[in-house]
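Colleague: Here you go, target20.cif (mmCIF, C-alpha atoms):
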```cif
data_my_file
loop_
_atom_site.label_atom_id
_atom_site.label_comp_id
_atom_site.auth_asym_id
_atom_site.auth_seq_id
_atom_site.Cartn_x
_atom_site.Cartn_y
_atom_site.Cartn_z
CA MET A 472 -16.11 19.04 -39.87
CA GLU A 473 -14.13 17.06 -37.31
CA LYS A 474 -15.18 17.71 -33.75
CA THR A 475 -12.56 18.99 -31.31
CA LYS A 476 -11.82 16.59 -28.47
CA THR A 477 -12.43 18.20 -25.12
CA ALA A 478 -11.28 17.03 -21.72
CA PRO A 479 -14.04 15.64 -19.50
CA GLY A 480 -15.20 17.65 -16.52
CA LYS A 481 -13.65 16.80 -13.19
CA ALA A 482 -15.43 13.97 -11.40
CA PRO A 483 -17.55 15.25 -8.48
CA ASP A 484 -16.50 12.38 -6.21
CA ARG A 485 -12.81 13.21 -6.73
CA LEU A 486 -13.45 16.90 -6.10
CA ALA A 487 -15.25 15.98 -2.87
CA VAL A 488 -12.30 13.84 -1.77
CA LEU A 489 -9.86 16.68 -2.49
CA GLU A 490 -11.98 19.03 -0.39
CA LYS A 491 -11.96 16.52 2.47
CA ILE A 492 -8.18 16.18 2.18
CA LYS A 493 -7.81 19.97 2.45
CA GLU A 494 -10.05 19.96 5.51
CA PHE A 495 -8.17 17.11 7.22
CA GLU A 496 -4.81 18.64 6.31
CA ALA A 497 -5.80 21.93 7.94
CA GLU A 498 -6.87 20.02 11.07
CA GLY A 499 -3.70 17.94 11.14
CA ALA A 500 -5.88 14.81 10.92
CA PHE A 501 -3.55 12.99 8.56
CA ASP A 502 -4.85 9.51 9.39
CA ARG A 503 -8.53 10.22 8.61
CA ASP A 504 -9.99 8.64 5.51
CA PRO A 505 -11.51 11.09 2.99
CA GLU A 506 -13.06 8.26 0.96
CA VAL A 507 -16.58 7.06 1.79
CA ASP A 508 -16.47 3.34 2.60
CA PRO A 509 -19.49 1.04 2.71
CA PRO A 510 -20.68 -0.01 6.19
CA TRP A 511 -18.98 -3.01 7.72
CA LYS A 512 -19.09 -5.18 10.83
CA PRO A 513 -16.11 -6.13 13.02
CA LEU A 514 -14.49 -9.36 11.88
CA ASN A 515 -14.64 -12.62 13.78
CA PRO A 516 -10.95 -13.68 13.90
CA ASP A 517 -11.94 -17.32 14.50
CA LYS A 518 -13.42 -17.41 11.00
CA ILE A 519 -10.34 -16.01 9.26
CA ASP A 520 -7.75 -18.34 7.74
CA PHE A 521 -4.82 -15.93 8.06
CA LEU A 522 -2.29 -18.29 6.45
CA LYS A 523 -4.69 -19.92 3.96
CA LYS A 524 -4.14 -23.39 5.41
CA ASN A 525 -7.51 -24.65 4.23
CA PRO A 526 -7.19 -26.07 0.65
CA PHE A 527 -10.31 -24.24 -0.53
CA ASN A 528 -9.03 -20.94 0.87
CA LYS A 529 -5.66 -21.60 -0.75
CA LEU A 530 -7.40 -22.11 -4.09
CA LYS A 531 -9.36 -18.89 -3.67
CA SER A 532 -6.07 -17.14 -2.89
CA HIS A 533 -4.58 -18.31 -6.21
CA ILE A 534 -7.72 -17.21 -8.06
CA ALA A 535 -7.76 -13.81 -6.34
CA THR A 536 -4.06 -13.28 -7.08
CA PHE A 537 -4.62 -14.08 -10.77
CA LEU A 538 -7.69 -11.83 -11.01
CA GLY A 539 -5.91 -9.06 -9.14
CA TRP A 540 -2.97 -9.11 -11.53
CA ARG A 541 -5.32 -9.07 -14.52
CA TYR A 542 -7.22 -6.12 -13.06
CA PHE A 543 -4.14 -4.04 -12.26
CA GLU A 544 -2.47 -4.91 -15.56
CA GLY A 545 -5.63 -3.65 -17.23
CA THR A 546 -5.39 -0.27 -15.48
CA LEU A 547 -1.78 0.02 -16.63
CA LYS A 548 -2.55 -0.97 -20.24
CA LYS A 549 -5.44 1.48 -20.36
CA LYS A 550 -3.02 4.19 -19.18
CA GLN A 551 -5.10 5.02 -16.15
CA TRP A 552 -1.66 5.47 -14.58
CA ILE A 553 1.91 5.08 -15.85
CA LEU A 554 4.89 3.39 -14.20
CA GLN A 555 7.56 5.80 -15.32
CA ARG A 556 10.58 4.26 -13.60
CA VAL A 557 11.98 2.50 -10.54
CA THR A 558 14.97 3.82 -8.61
CA GLY A 559 17.07 2.37 -5.79
CA LEU A 560 17.17 -1.29 -6.82
CA GLU A 561 20.80 -1.27 -5.71
CA ASN A 562 19.54 -0.97 -2.13
CA LEU A 563 18.24 -4.53 -2.41
CA ALA A 564 21.55 -5.98 -3.59
CA GLY A 565 22.34 -9.17 -1.73
CA PHE A 566 19.20 -9.05 0.37
CA LYS A 567 17.15 -12.18 0.91
CA GLY A 568 14.57 -13.07 3.50
CA GLY A 569 11.43 -11.65 5.03
CA ALA A 570 10.80 -7.93 5.32
CA MET A 571 8.12 -5.38 6.04
CA VAL A 572 7.58 -3.06 3.06
CA THR A 573 6.28 0.47 3.59
CA CYS A 574 4.86 2.87 1.02
CA ASN A 575 2.90 6.10 0.91
CA HIS A 576 -0.79 5.48 0.21
CA PHE A 577 -2.55 7.63 -2.38
CA ASN A 578 -4.28 5.29 -4.84
CA ARG A 579 -5.76 1.81 -4.98
CA VAL A 580 -3.08 0.77 -7.50
CA ASP A 581 -0.04 1.89 -5.48
CA ASN A 582 0.37 -1.63 -4.04
CA TYR A 583 0.65 -2.99 -7.58
CA ALA A 584 3.28 -0.37 -8.45
CA VAL A 585 5.36 -1.46 -5.45
CA HIS A 586 4.89 -5.12 -6.37
CA LEU A 587 6.07 -4.48 -9.94
CA ALA A 588 9.09 -2.53 -8.67
CA LEU A 589 10.20 -5.21 -6.19
CA ARG A 590 9.77 -7.97 -8.74
CA ARG A 591 12.60 -6.41 -10.73
CA HIS A 592 14.90 -7.62 -7.97
CA PHE A 593 13.16 -10.56 -6.35
CA GLY A 594 11.67 -12.02 -9.53
CA HIS A 595 8.29 -13.71 -9.51
CA TYR A 596 6.95 -13.71 -5.96
CA ARG A 597 3.72 -12.85 -4.18
CA LEU A 598 3.57 -9.74 -2.07
CA HIS A 599 1.44 -9.99 1.06
CA LYS A 600 -0.60 -6.95 2.05
CA ILE A 601 -2.00 -5.82 5.38
CA VAL A 602 -5.53 -4.41 5.16
CA ARG A 603 -7.83 -2.94 7.77
CA GLU A 604 -11.14 -4.50 8.71
CA GLY A 605 -13.28 -2.05 6.73
CA ASN A 606 -11.47 -2.77 3.45
CA TYR A 607 -11.51 -6.51 4.13
CA CYS A 608 -15.32 -6.37 4.23
CA PHE A 609 -15.79 -4.63 0.86
CA PRO A 610 -18.56 -6.13 -1.30
CA GLY A 611 -18.25 -7.50 -4.84
CA LEU A 612 -15.09 -8.33 -6.76
CA VAL A 613 -12.98 -5.79 -4.85
CA GLY A 614 -14.00 -7.42 -1.60
CA PHE A 615 -13.17 -10.88 -2.95
CA LEU A 616 -9.67 -9.69 -3.90
CA LEU A 617 -9.13 -7.98 -0.55
CA ARG A 618 -10.20 -11.04 1.41
CA ASN A 619 -8.33 -13.62 -0.59
CA GLY A 620 -5.42 -12.01 -2.44
CA ASP A 621 -2.55 -12.59 0.01
CA THR A 622 -3.99 -10.14 2.52
CA ILE A 623 -3.83 -10.07 6.31
CA PRO A 624 -6.64 -8.18 8.06
CA ILE A 625 -5.93 -6.16 11.16
CA GLY A 626 -8.34 -4.47 13.54
CA GLU A 627 -8.60 -2.93 16.98
CA GLY A 628 -9.58 -6.05 18.91
CA PHE A 629 -6.96 -7.96 20.89
CA LYS A 630 -7.81 -11.35 19.39
CA ILE A 631 -7.64 -10.31 15.74
CA MET A 632 -4.38 -8.43 16.32
CA SER A 633 -2.90 -11.41 18.17
CA LYS A 634 -3.74 -13.78 15.31
CA ALA A 635 -2.62 -11.30 12.65
CA THR A 636 0.69 -10.74 14.46
CA SER A 637 1.30 -14.48 14.68
CA ALA A 638 0.60 -14.84 10.94
CA ILE A 639 2.93 -11.96 10.12
CA GLY A 640 5.71 -13.57 12.17
CA THR A 641 5.22 -16.87 10.33
CA LEU A 642 5.29 -15.21 6.91
CA LEU A 643 8.43 -13.23 7.75
CA SER A 644 10.15 -16.43 8.92
CA ARG A 645 9.30 -17.92 5.52
CA GLY A 646 11.04 -15.05 3.76
CA LYS A 647 7.87 -13.28 2.64
CA LYS A 648 7.58 -9.56 1.95
CA ILE A 649 4.61 -7.85 3.63
CA LEU A 650 3.37 -4.46 2.46
CA ILE A 651 1.78 -2.06 4.92
CA PHE A 652 0.76 1.57 4.47
CA PRO A 653 1.93 3.25 7.70
CA GLU A 654 0.11 6.51 6.94
CA GLN A 655 -3.07 4.44 7.43
CA ALA A 656 -5.61 6.34 5.30
CA MET A 657 -5.52 6.66 1.51
CA TRP A 658 -5.29 10.28 0.38
CA TRP A 659 -5.96 10.37 -3.36
CA ASN A 660 -2.95 11.66 -5.34
CA TYR A 661 -1.51 13.36 -2.25
CA ARG A 662 2.21 13.88 -2.69
CA ARG A 663 3.63 14.85 0.69
CA PRO A 664 4.62 12.17 3.23
CA ARG A 665 2.29 12.03 6.24
CA PRO A 666 2.97 10.98 9.86
CA LEU A 667 3.62 7.26 10.22
CA LYS A 668 1.79 4.86 12.51
CA LYS A 669 3.97 2.41 14.41
CA GLY A 670 2.44 -0.89 13.23
CA ALA A 671 4.89 -1.76 10.44
CA PHE A 672 7.88 -0.97 12.63
CA LEU A 673 6.49 -2.80 15.64
CA PHE A 674 6.18 -5.97 13.54
CA ALA A 675 9.69 -5.48 12.16
CA ALA A 676 11.16 -4.90 15.63
CA LYS A 677 9.28 -7.80 17.21
CA PHE A 678 10.39 -10.31 14.58
CA LEU A 679 13.83 -8.75 13.92
CA ALA A 680 13.02 -8.16 10.26
CA PRO A 681 14.18 -5.22 8.15
CA VAL A 682 11.94 -2.60 6.62
CA ILE A 683 12.09 -1.90 2.87
CA PRO A 684 10.90 1.72 2.66
CA CYS A 685 9.39 2.72 -0.68
CA PHE A 686 8.15 6.14 -1.65
CA ILE A 687 6.23 6.87 -4.85
CA THR A 688 6.49 10.30 -6.44
CA LEU A 689 3.99 11.55 -8.99
CA SER A 690 4.05 13.77 -12.06
CA ASP A 691 1.24 14.91 -14.36
CA ASN A 692 1.08 13.35 -17.81
CA SER A 693 -0.35 15.37 -20.70
CA MET A 694 -3.23 12.87 -20.96
CA VAL A 695 -6.42 13.53 -19.03
CA GLY A 696 -8.19 10.60 -17.40
CA THR A 697 -11.90 9.86 -17.37
CA ASP A 698 -12.05 11.61 -13.99
CA GLY A 699 -10.99 14.88 -15.63
CA PHE A 700 -7.59 14.99 -13.91
CA PRO A 701 -4.16 14.44 -15.48
CA VAL A 702 -3.04 10.82 -15.64
CA GLN A 703 -0.30 10.30 -13.06
CA GLU A 704 3.17 8.99 -13.82
CA TYR A 705 4.65 6.98 -10.94
CA THR A 706 8.28 6.73 -9.95
CA VAL A 707 8.83 4.07 -7.28
CA HIS A 708 11.84 4.91 -5.09
CA ILE A 709 13.27 1.95 -3.17
CA LEU A 710 15.15 3.55 -0.29
CA PRO A 711 17.93 2.11 1.92
CA LEU A 712 16.79 -0.78 4.10
CA ILE A 713 16.23 -0.16 7.80
CA TYR A 714 17.40 -2.92 10.14
CA PRO A 715 16.59 -3.36 13.82
CA GLU A 716 19.57 -2.89 16.12
CA SER A 717 20.65 -5.53 18.59
CA GLY A 718 20.63 -4.40 22.19
CA LEU A 719 17.52 -2.25 21.83
CA THR A 720 14.08 -3.16 23.13
CA VAL A 721 11.22 -3.79 20.74
CA SER A 722 9.77 -0.39 21.63
CA GLU A 723 13.09 1.39 21.09
CA ASN A 724 13.70 -0.32 17.77
CA CYS A 725 10.15 0.43 16.66
CA GLU A 726 10.55 4.15 17.32
CA ARG A 727 14.03 4.30 15.79
CA MET A 728 12.91 2.54 12.61
CA ARG A 729 9.80 4.67 12.30
CA ALA A 730 11.84 7.87 12.63
CA ARG A 731 14.36 6.66 10.06
CA ASN A 732 11.59 5.74 7.59
CA ALA A 733 10.04 9.19 7.99
CA GLU A 734 13.44 10.79 7.46
CA LEU A 735 14.06 8.83 4.24
CA TRP A 736 10.61 9.63 2.86
CA GLU A 737 10.99 13.31 3.63
CA ALA A 738 14.42 13.45 1.96
CA CYS A 739 13.02 11.69 -1.11
CA TYR A 740 10.07 14.08 -1.26
CA ARG A 741 12.25 17.16 -1.01
CA GLY A 742 14.75 15.83 -3.53
CA ILE A 743 12.05 15.36 -6.16
CA TYR A 744 9.54 18.13 -5.57
CA GLU A 745 11.61 20.98 -4.13
#
```
Write out the structure in this file as structure tokens.
Modeller:
Amino acid sequence: MEKTKTAPGKAPDRLAVLEKIKEFEAEGAFDRDPEVDPPWKPLNPDKIDFLKKNPFNKLKSHIATFLGWRYFEGTLKKKQWILQRVTGLENLAGFKGGAMVTCNHFNRVDNYAVHLALRRHFGHYRLHKIVREGNYCFPGLVGFLLRNGDTIPIGEGFKIMSKATSAIGTLLSRGKKILIFPEQAMWWNYRRPRPLKKGAFLFAAKFLAPVIPCFITLSDNSMVGTDGFPVQEYTVHILPLIYPESGLTVSENCERMRARNAELWEACYRGIYE
């Protein structure tokens, strides 16, 4: 007799994360991280090659980019998640140049989903990502990718932020796209937009670069993943670009662009889920 296939039980670590998210949501602590990260030490900015000028670091960057693509392509082929569709490509019509890219943060693969979506307009290009110190210090293969795969670490110290800001300005002047998650913490499979930190918009205002706001909506597939939860189907929404206005101060532009990004995300959320 053929055995009936049963769905696996729900992974305890995911259940624990969901409980933490409920707790933080009730407290209004939307920037707290429900995931348990390994311990890390503050970075020494003098030892970081932000622009990969060193030939060996440049080589490691190419290797990390290749390995990263292979890893994320593997998750897609294994149907650990599904890229259902991309909307809003018309918002990129005629646009060239550097930009800050924002997206809601709910999974380790969401950066890859955004990269795939933007490549449909920009073609083959490398998306730079801003990561926080703790993620930059991850051990193993993940840590190697985070340290070398077109990433820019940021932290709370003045020196590291000064060097990171300078690198971001250089990359924007070269026409690069830089992804940042303005919600800060990753909330696993969380669907609502959360309050936005000002970092992405401060960089955009300071260097007079536009923001490409992206918002990913999720839907349950009939398949159940190894974690016991439904596989998620992603729709990447590319929303209208937000440009800094001439005549405003950096601070004023930062706040205006942040408010507009929040408004666009909220409208997208309500249009899909409500």
Colleague: With a cut-off of 12 Å, could you pull out the residues of region 634-726 of chain A touching region 605-622 of chain A and give me the nearest pair of atoms for each, distance in Å to one decimal, using all atoms listed in the file, ordered by chain and ascending number, as a Markdown table?
Modeller:
```
| residue | atom | partner | partner_atom | distance |
| --- | --- | --- | --- | --- |
| A:Ala635 | CA | A:Thr622 | CA | 10.3 |
| A:Ala638 | CA | A:Thr622 | CA | 10.7 |
| A:Ile639 | CA | A:Thr622 | CA | 10.4 |
| A:Leu642 | CA | A:Asp621 | CA | 10.8 |
| A:Lys647 | CA | A:Asp621 | CA | 10.8 |
| A:Lys648 | CA | A:Asp621 | CA | 10.7 |
| A:Ile649 | CA | A:Thr622 | CA | 9.0 |
| A:Leu650 | CA | A:Thr622 | CA | 9.3 |
| A:Ile651 | CA | A:Thr622 | CA | 10.2 |
| A:Gln655 | CA | A:Asn606 | CA | 11.8 |
| A:Ala656 | CA | A:Asn606 | CA | 11.0 |
| A:Met657 | CA | A:Asn606 | CA | 11.3 |
```
Colleague: Taking the file as I've supplied it (selection: the PyMOL selection byres ((chain A and resi 488-504) around 7)), which residues are included? Please answer as a PyMOL selection string.
Modeller: chain A and resi 484-487+505-506+654-658+665-666
Colleague: The PyMOL selection byres ((chain A and resi 579) around 12) on the file shown: which residues, as a PDB file with C-alpha atoms, in the frame of the given file?
Modeller:
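Below is the file part-v4.pdb, written as the result:
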```
ATOM      1  CA  GLU A 506     -13.060   8.260   0.960  1.00  0.00           C
ATOM      2  CA  GLY A 539      -5.910  -9.060  -9.140  1.00  0.00           C
ATOM      3  CA  TYR A 542      -7.220  -6.120 -13.060  1.00  0.00           C
ATOM      4  CA  PHE A 543      -4.140  -4.040 -12.260  1.00  0.00           C
ATOM      5  CA  THR A 546      -5.390  -0.270 -15.480  1.00  0.00           C
ATOM      6  CA  GLN A 551      -5.100   5.020 -16.150  1.00  0.00           C
ATOM      7  CA  TRP A 552      -1.660   5.470 -14.580  1.00  0.00           C
ATOM      8  CA  ASN A 575       2.900   6.100   0.910  1.00  0.00           C
ATOM      9  CA  HIS A 576      -0.790   5.480   0.210  1.00  0.00           C
ATOM     10  CA  PHE A 577      -2.550   7.630  -2.380  1.00  0.00           C
ATOM     11  CA  ASN A 578      -4.280   5.290  -4.840  1.00  0.00           C
ATOM     12  CA  VAL A 580      -3.080   0.770  -7.500  1.00  0.00           C
ATOM     13  CA  ASP A 581      -0.040   1.890  -5.480  1.00  0.00           C
ATOM     14  CA  ASN A 582       0.370  -1.630  -4.040  1.00  0.00           C
ATOM     15  CA  TYR A 583       0.650  -2.990  -7.580  1.00  0.00           C
ATOM     16  CA  ALA A 584       3.280  -0.370  -8.450  1.00  0.00           C
ATOM     17  CA  VAL A 585       5.360  -1.460  -5.450  1.00  0.00           C
ATOM     18  CA  VAL A 602      -5.530  -4.410   5.160  1.00  0.00           C
ATOM     19  CA  ASN A 606     -11.470  -2.770   3.450  1.00  0.00           C
ATOM     20  CA  VAL A 613     -12.980  -5.790  -4.850  1.00  0.00           C
ATOM     21  CA  LEU A 617      -9.130  -7.980  -0.550  1.00  0.00           C
ATOM     22  CA  PHE A 652       0.760   1.570   4.470  1.00  0.00           C
ATOM     23  CA  ALA A 656      -5.610   6.340   5.300  1.00  0.00           C
ATOM     24  CA  MET A 657      -5.520   6.660   1.510  1.00  0.00           C
ATOM     25  CA  TRP A 658      -5.290  10.280   0.380  1.00  0.00           C
ATOM     26  CA  TRP A 659      -5.960  10.370  -3.360  1.00  0.00           C
ATOM     27  CA  ASN A 660      -2.950  11.660  -5.340  1.00  0.00           C
TER      28      ASN A 660
END
```
Colleague: Of the candidates A:Gly626, A:Pro684, A:Gly568, A:Gly646, which shows the shortest atom-to-atom distance to Leu667 (chain A), using all atoms listed in the file?
Modeller: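 Of all the options, A:Pro684 lies closest to Leu667 (chain A).
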Colleague: What box, with edges along x, y and z, holds each listed atom of region 644-652 of chain A when 6 Å is added on every side, and can you state its centre and edge lengths in Å to one decimal, as lines of an AutoDock Vina configuration file?
Modeller:
```
center_x = 5.9
center_y = -8.2
center_z = 5.4
size_x = 22.3
size_y = 31.5
size_z = 19.0
```
